[in-house]
Amino acid sequence: MTERSGGISFANANASPSVPLPPWRTRLGILLLSLLLTVSVSGVLLVRLEPDSVDLQVGEVAPRRILAPRSVTFVSEYLTEKQREEAARQVAPVYTAPDPEIVRRQLAQARGLTEYLTALRADPYLSPEERREAIQAIDGLRLSPSAINAILSLDSVSWSAVVTDVHTILEQAMRNEIRQGELTDAQRRVGAMVSQSLSPAATEAVVALVQALLVPNSLYDEATTEERRQQARDRVLPVSHSLKQGEVVVREGELVTPLDLEELEALGLRRADDGLSQAVGTALLVGLLVALLIAYIHRSQPELWYRPRRLLLLALSLLAAAIMARLMVPGHTLIRYLFPGAALAMLCSVLVNVQLGAILSVLVSVLVGFVSGGSLDLAVYTLAGSLVGSLALWHMEQLHYFTRAGALVALANIVSLAAFGLVERSYDTTALLQLLGVSVANGALSASLTFAGYAFVGRAFGITTSLQLLELARPTHPLFRQLLLNAPGTYHHSIIVANMAERAAELVGADPLLARVGAYYHDIGKTLRPYFFIENQSDGLNPHDRLDPKTSAKIIISHTQDGVALARQYALPERVQDIIAQHHGTSLAGFFYQIANKQVNGEVDESDFRYPGPVPDTKEAAIVMLADVEAVVRAKRPATPQEMDQIIHQFIQDKLITGQLDRCNLTLRDLDQIRQAFSGVLKSIFHPRIQYPEKEE
């Protein structure tokens, strides 16, 4: 079949199985599932694990003695903040270096002041009292009456010495660092710097003027001080606090401290005041997550609405995540990092599909972040491990994939913790080693739980797993062995069809293992009456020669229903049962229909000669249907590869035209690849062989 357009799909990609539910029932089921899941998860998140909870605040009197019901270790925000503030307090204030501009300003002020005082002393028109009042009126200058008298009592020579000493001592004092709190000490030291040759009155005048002119020249650097204090705070690692089982948390009659409140929170013994608002907020968050999950399924994978057991598995996975998070996260330091969120996502990936596994990873991570009180590092830790685990099991074909997935989850956990450790500058070696060990244990636990769930949960929910298919592919399976013993011709035909189906499935992105196993068992119904099928007739006797066409057609057609009955009896997976029921679709048993038409001149009810269906609704079922062309090729015995290819082409085209492929999500490009795969396998089987000469006597 030539490819006309690889991008054109001739089947509805979102086609539902044969009997779709009415729209109102579907909507009602979605609504009930959403409400039930929201209520269940919200209830789990809100439930109090300890019945003896109390409603206390800092500073209140404890009404009774409260003992720790279990041992717990947690990071105390109160003790951590206390140590951080202590570290910040130990950082000395930072001051700037002496400012030259302040020194120059004060020296200039000293010159102006002494010049003014010199002029004031020399003014002959002012009385002594007026001179005192003028000195007292100088803005910013505070001199004692004794110092003013000393200034006015000095002669010109002594005053000149005073002016010189004032400038010299002020410059010398201002060169040293003077802080705001050290100004008084600097003023006290001025007396020791005055020249010994000055008289007591001159000395008093120098000391008074220099002390008045001294100002701080080193200012408090608030920004640098606060930066250093913040650095000191950041260097303090989170402080862990432990309680032993039976240890007293608070005693009766004592005031509740912040540390007591943290201990009650860690033990789950504190009952919040805003119970109603907390319940509403929790329900809103859970309802949003459930709505997002429902919206994704509705828009991207609507076929899941017709697989209720898969939906139930998703709902139970989310509920199990909430329960484990509630038990393992609050009040724990290391155990919270052992939470196996990756196991739930990985299990969803291998049992449903990887897309839903990724969505579940996001939802579980949000729940963990919510339960942990907004811990971003724990939420990212859970998300990274879950996504990596889901992607590692995208195409799970061998059991060692679980080991590889567990190792990748552990690696993702370690990288996540290292990233947050570097950002937060947490370099506690002991804590890092503990987290490293827990991260590796988390990967191993997630892989182990996923493998256990894969082996047992899938079977319980009717989901076909690779392990089940591998068991069915073994020749020793009782039903498969029954096919070999009772219908050897059909067995040989099924082996060839399985090879064809597996090769075609690999090319079009279907499940090769499912296609192979489905082909093995697609004709298992023929084991009940094998002699009615031509491939099992070895003595040349055909029982159909003694039957009317309608009866013969009924016997031939019944092998699909007989096969489904046997498959259910032997507990074959549903997807294999679907292939058995669908591998002929609603095709016509053409051979007997034509005979009947000849016998009754065309007045034949076509429904008596048509398979009951349904038509294939998966790629694997459609591939097995098309692989039945092997029987046609064997019957027509083509002489050349071109004739064989034409037979395959015509067979596929007939199935396409009669609507047998309308619901299997195969494109025209897929059909062309299937044709090429069938031709390659059949040419290798029905190739010409050398005719060996007979041995001469």
# chains A, B, ... in the order shown; residues from 1 in each chain; ligands from 1
$ residues_around --residues "region 429-433 of chain A" --least-positions-apart "4" --cutoff "10 Å" --atoms "only C-alpha atoms" --output "mmCIF file with C-alpha atoms, in the first residue's frame"
data_model
loop_
_atom_site.group_PDB
_atom_site.id
_atom_site.type_symbol
_atom_site.label_atom_id
_atom_site.label_comp_id
_atom_site.auth_asym_id
_atom_site.auth_seq_id
_atom_site.Cartn_x
_atom_site.Cartn_y
_atom_site.Cartn_z
ATOM 1 C CA LEU A 334 15.320 12.532 58.150
ATOM 2 C CA ILE A 414 21.362 13.713 45.833
ATOM 3 C CA LEU A 417 19.805 18.151 48.145
ATOM 4 C CA ALA A 418 23.250 19.321 47.013
ATOM 5 C CA GLY A 421 22.726 22.835 50.440
ATOM 6 C CA GLY A 437 22.270 7.837 53.001
ATOM 7 C CA VAL A 438 18.543 8.596 53.161
ATOM 8 C CA SER A 439 18.555 9.681 49.488
#
$ select_by_dssp --residues "region 288-528 of chain A" --states "alpha helix (DSSP H)" --output "number ranges by chain"
A: 288-300, 308-328, 341-351, 354-371, 376-392, 400-424, 429-460, 466-472, 478-486, 488-508, 512-521
$ closest_atom_pairs --of "region 572-681 of chain A" --to "region 542-548 of chain A" --cutoff "12 Å" --atoms "only C-alpha atoms" --output "CSV"
residue,atom,partner,partner_atom,distance
A:Phe591,CA,A:His544,CA,11.6
A:Phe592,CA,A:Asp548,CA,8.8
A:Tyr593,CA,A:Asp548,CA,10.7
A:Ile595,CA,A:Asp548,CA,9.1
A:Ala596,CA,A:Asp548,CA,8.1
A:Asn597,CA,A:Asp548,CA,11.8
A:Gln599,CA,A:Asp548,CA,9.7
A:Val600,CA,A:Asp548,CA,11.5
$ residues_around --residues "Arg175 (chain A)" --least-positions-apart "3" --cutoff "12 Å" --atoms "only C-alpha atoms" --output "ChimeraX atom specification"
/A:97-104,106-107,168-172,178,186,214-218
$ write_last_selection --atoms "C-alpha atoms" --output "mmCIF file, in the first residue's frame"
data_model
loop_
_atom_site.group_PDB
_atom_site.id
_atom_site.type_symbol
_atom_site.label_atom_id
_atom_site.label_comp_id
_atom_site.auth_asym_id
_atom_site.auth_seq_id
_atom_site.Cartn_x
_atom_site.Cartn_y
_atom_site.Cartn_z
ATOM 1 C CA ALA A 97 37.885 55.935 58.918
ATOM 2 C CA PRO A 98 38.526 59.539 60.180
ATOM 3 C CA ASP A 99 36.973 61.901 57.673
ATOM 4 C CA PRO A 100 39.539 64.536 56.459
ATOM 5 C CA GLU A 101 36.714 66.845 55.492
ATOM 6 C CA ILE A 102 35.470 67.006 59.094
ATOM 7 C CA VAL A 103 39.021 67.775 60.293
ATOM 8 C CA ARG A 104 39.399 70.619 57.776
ATOM 9 C CA GLN A 106 36.775 72.083 62.422
ATOM 10 C CA LEU A 107 40.204 73.684 61.863
ATOM 11 C CA THR A 168 47.961 72.744 67.143
ATOM 12 C CA ILE A 169 46.156 70.640 69.757
ATOM 13 C CA LEU A 170 42.877 70.557 67.769
ATOM 14 C CA GLU A 171 44.665 69.358 64.630
ATOM 15 C CA GLN A 172 46.559 66.731 66.594
ATOM 16 C CA ILE A 178 36.958 59.872 67.463
ATOM 17 C CA ALA A 186 38.891 62.564 73.691
ATOM 18 C CA LEU A 214 36.159 68.627 69.087
ATOM 19 C CA VAL A 215 33.548 66.528 67.159
ATOM 20 C CA PRO A 216 33.398 62.833 66.133
ATOM 21 C CA ASN A 217 35.266 62.255 62.873
ATOM 22 C CA SER A 218 34.497 58.482 62.549
#
$ atom_distance --atom1 "CA of Ala455 (chain A)" --atom2 "CA of Ile359 (chain A)"
22.6 Å
$ select_by_dssp --residues "region 219-429 of chain A" --states "strand (DSSP E)" --output "PyMOL selection string"
chain A and resi 240-243+248-250
$ write_last_selection --atoms "N, CA and C atoms" --output "PDB file, in the first residue's frame"
ATOM      1  N   SER A 240      18.903  21.491  65.511  1.00  0.00           N
ATOM      2  CA  SER A 240      17.982  20.378  65.729  1.00  0.00           C
ATOM      3  C   SER A 240      17.721  20.214  67.224  1.00  0.00           C
ATOM      4  N   HIS A 241      16.502  19.880  67.514  1.00  0.00           N
ATOM      5  CA  HIS A 241      16.096  19.687  68.910  1.00  0.00           C
ATOM      6  C   HIS A 241      15.404  18.333  69.020  1.00  0.00           C
ATOM      7  N   SER A 242      15.744  17.595  70.050  1.00  0.00           N
ATOM      8  CA  SER A 242      15.215  16.235  70.194  1.00  0.00           C
ATOM      9  C   SER A 242      14.411  16.107  71.480  1.00  0.00           C
ATOM     10  N   LEU A 243      13.426  15.245  71.398  1.00  0.00           N
ATOM     11  CA  LEU A 243      12.621  14.872  72.563  1.00  0.00           C
ATOM     12  C   LEU A 243      12.561  13.353  72.631  1.00  0.00           C
ATOM     13  N   VAL A 248       8.982  15.274  79.530  1.00  0.00           N
ATOM     14  CA  VAL A 248       7.992  16.316  79.808  1.00  0.00           C
ATOM     15  C   VAL A 248       8.156  17.445  78.794  1.00  0.00           C
ATOM     16  N   VAL A 249       7.062  17.789  78.141  1.00  0.00           N
ATOM     17  CA  VAL A 249       7.071  18.913  77.202  1.00  0.00           C
ATOM     18  C   VAL A 249       6.755  20.200  77.956  1.00  0.00           C
ATOM     19  N   VAL A 250       5.638  20.250  78.644  1.00  0.00           N
ATOM     20  CA  VAL A 250       5.298  21.383  79.526  1.00  0.00           C
ATOM     21  C   VAL A 250       4.746  20.817  80.831  1.00  0.00           C
TER      22      VAL A 250
END
$ closest_residue --among "A:Arg529, A:Lys619, A:Arg634, A:Arg299" --to "Leu666 (chain A)" --atoms "only C-alpha atoms"
A:Lys619
$ closest_residue --among "A:Asp672, A:Asp605, A:Glu227, A:Asp185" --to "Val94 (chain A)" --atoms "only C-alpha atoms"
A:Glu227
$ closest_residue --among "A:Val190, A:Ala295, A:Ala92, A:Leu267" --to "Ser71 (chain A)" --atoms "only C-alpha atoms"
A:Leu267
$ closest_residue --among "A:Val352, A:Gly489, A:Val366, A:Gly406" --to "Val457 (chain A)" --atoms "only C-alpha atoms"
A:Val352
$ residues_around --residues "region 532-536 of chain A" --least-positions-apart "4" --cutoff "9 Å" --atoms "only C-alpha atoms" --output "number ranges by chain"
A: 486-490, 493, 526, 542-544, 552, 555-556, 631
$ write_last_selection --atoms "N, CA and C atoms" --output "mmCIF file, in the first residue's frame"
data_model
loop_
_atom_site.group_PDB
_atom_site.id
_atom_site.type_symbol
_atom_site.label_atom_id
_atom_site.label_comp_id
_atom_site.auth_asym_id
_atom_site.auth_seq_id
_atom_site.Cartn_x
_atom_site.Cartn_y
_atom_site.Cartn_z
ATOM 1 N N ASN A 486 -3.621 -29.820 20.394
ATOM 2 C CA ASN A 486 -4.927 -30.047 19.777
ATOM 3 C C ASN A 486 -5.058 -29.457 18.375
ATOM 4 N N ALA A 487 -4.328 -28.376 18.116
ATOM 5 C CA ALA A 487 -4.453 -27.716 16.812
ATOM 6 C C ALA A 487 -3.069 -27.318 16.327
ATOM 7 N N PRO A 488 -2.244 -28.273 15.917
ATOM 8 C CA PRO A 488 -0.858 -27.957 15.533
ATOM 9 C C PRO A 488 -0.771 -27.010 14.341
ATOM 10 N N GLY A 489 -1.698 -27.136 13.395
ATOM 11 C CA GLY A 489 -1.683 -26.218 12.258
ATOM 12 C C GLY A 489 -1.949 -24.789 12.691
ATOM 13 N N THR A 490 -2.934 -24.615 13.574
ATOM 14 C CA THR A 490 -3.231 -23.287 14.101
ATOM 15 C C THR A 490 -2.059 -22.768 14.926
ATOM 16 N N HIS A 493 0.499 -21.475 12.531
ATOM 17 C CA HIS A 493 -0.002 -20.214 11.987
ATOM 18 C C HIS A 493 0.156 -19.087 13.010
ATOM 19 N N LYS A 526 -10.007 -22.125 18.447
ATOM 20 C CA LYS A 526 -10.037 -23.246 17.492
ATOM 21 C C LYS A 526 -9.693 -24.576 18.146
ATOM 22 N N ASN A 542 -12.940 -33.031 4.930
ATOM 23 C CA ASN A 542 -13.387 -31.717 5.359
ATOM 24 C C ASN A 542 -14.820 -31.837 5.872
ATOM 25 N N PRO A 543 -15.054 -31.666 7.180
ATOM 26 C CA PRO A 543 -16.408 -31.837 7.721
ATOM 27 C C PRO A 543 -17.400 -30.818 7.178
ATOM 28 N N HIS A 544 -16.921 -29.727 6.616
ATOM 29 C CA HIS A 544 -17.833 -28.719 6.069
ATOM 30 C C HIS A 544 -18.537 -29.220 4.799
ATOM 31 N N SER A 552 -21.710 -24.000 8.829
ATOM 32 C CA SER A 552 -20.241 -23.922 8.760
ATOM 33 C C SER A 552 -19.748 -22.545 9.178
ATOM 34 N N ILE A 555 -19.877 -22.128 12.926
ATOM 35 C CA ILE A 555 -18.783 -22.822 13.615
ATOM 36 C C ILE A 555 -17.488 -22.024 13.491
ATOM 37 N N ILE A 556 -17.199 -21.551 12.282
ATOM 38 C CA ILE A 556 -15.964 -20.794 12.061
ATOM 39 C C ILE A 556 -15.986 -19.500 12.865
ATOM 40 N N ALA A 631 -2.587 -16.467 6.486
ATOM 41 C CA ALA A 631 -3.410 -17.574 6.005
ATOM 42 C C ALA A 631 -3.785 -17.374 4.543
#
$ closest_residue --among "A:Thr257, A:Gln577, A:Ser349, A:Thr118" --to "Gly462 (chain A)" --atoms "only C-alpha atoms"
A:Gln577
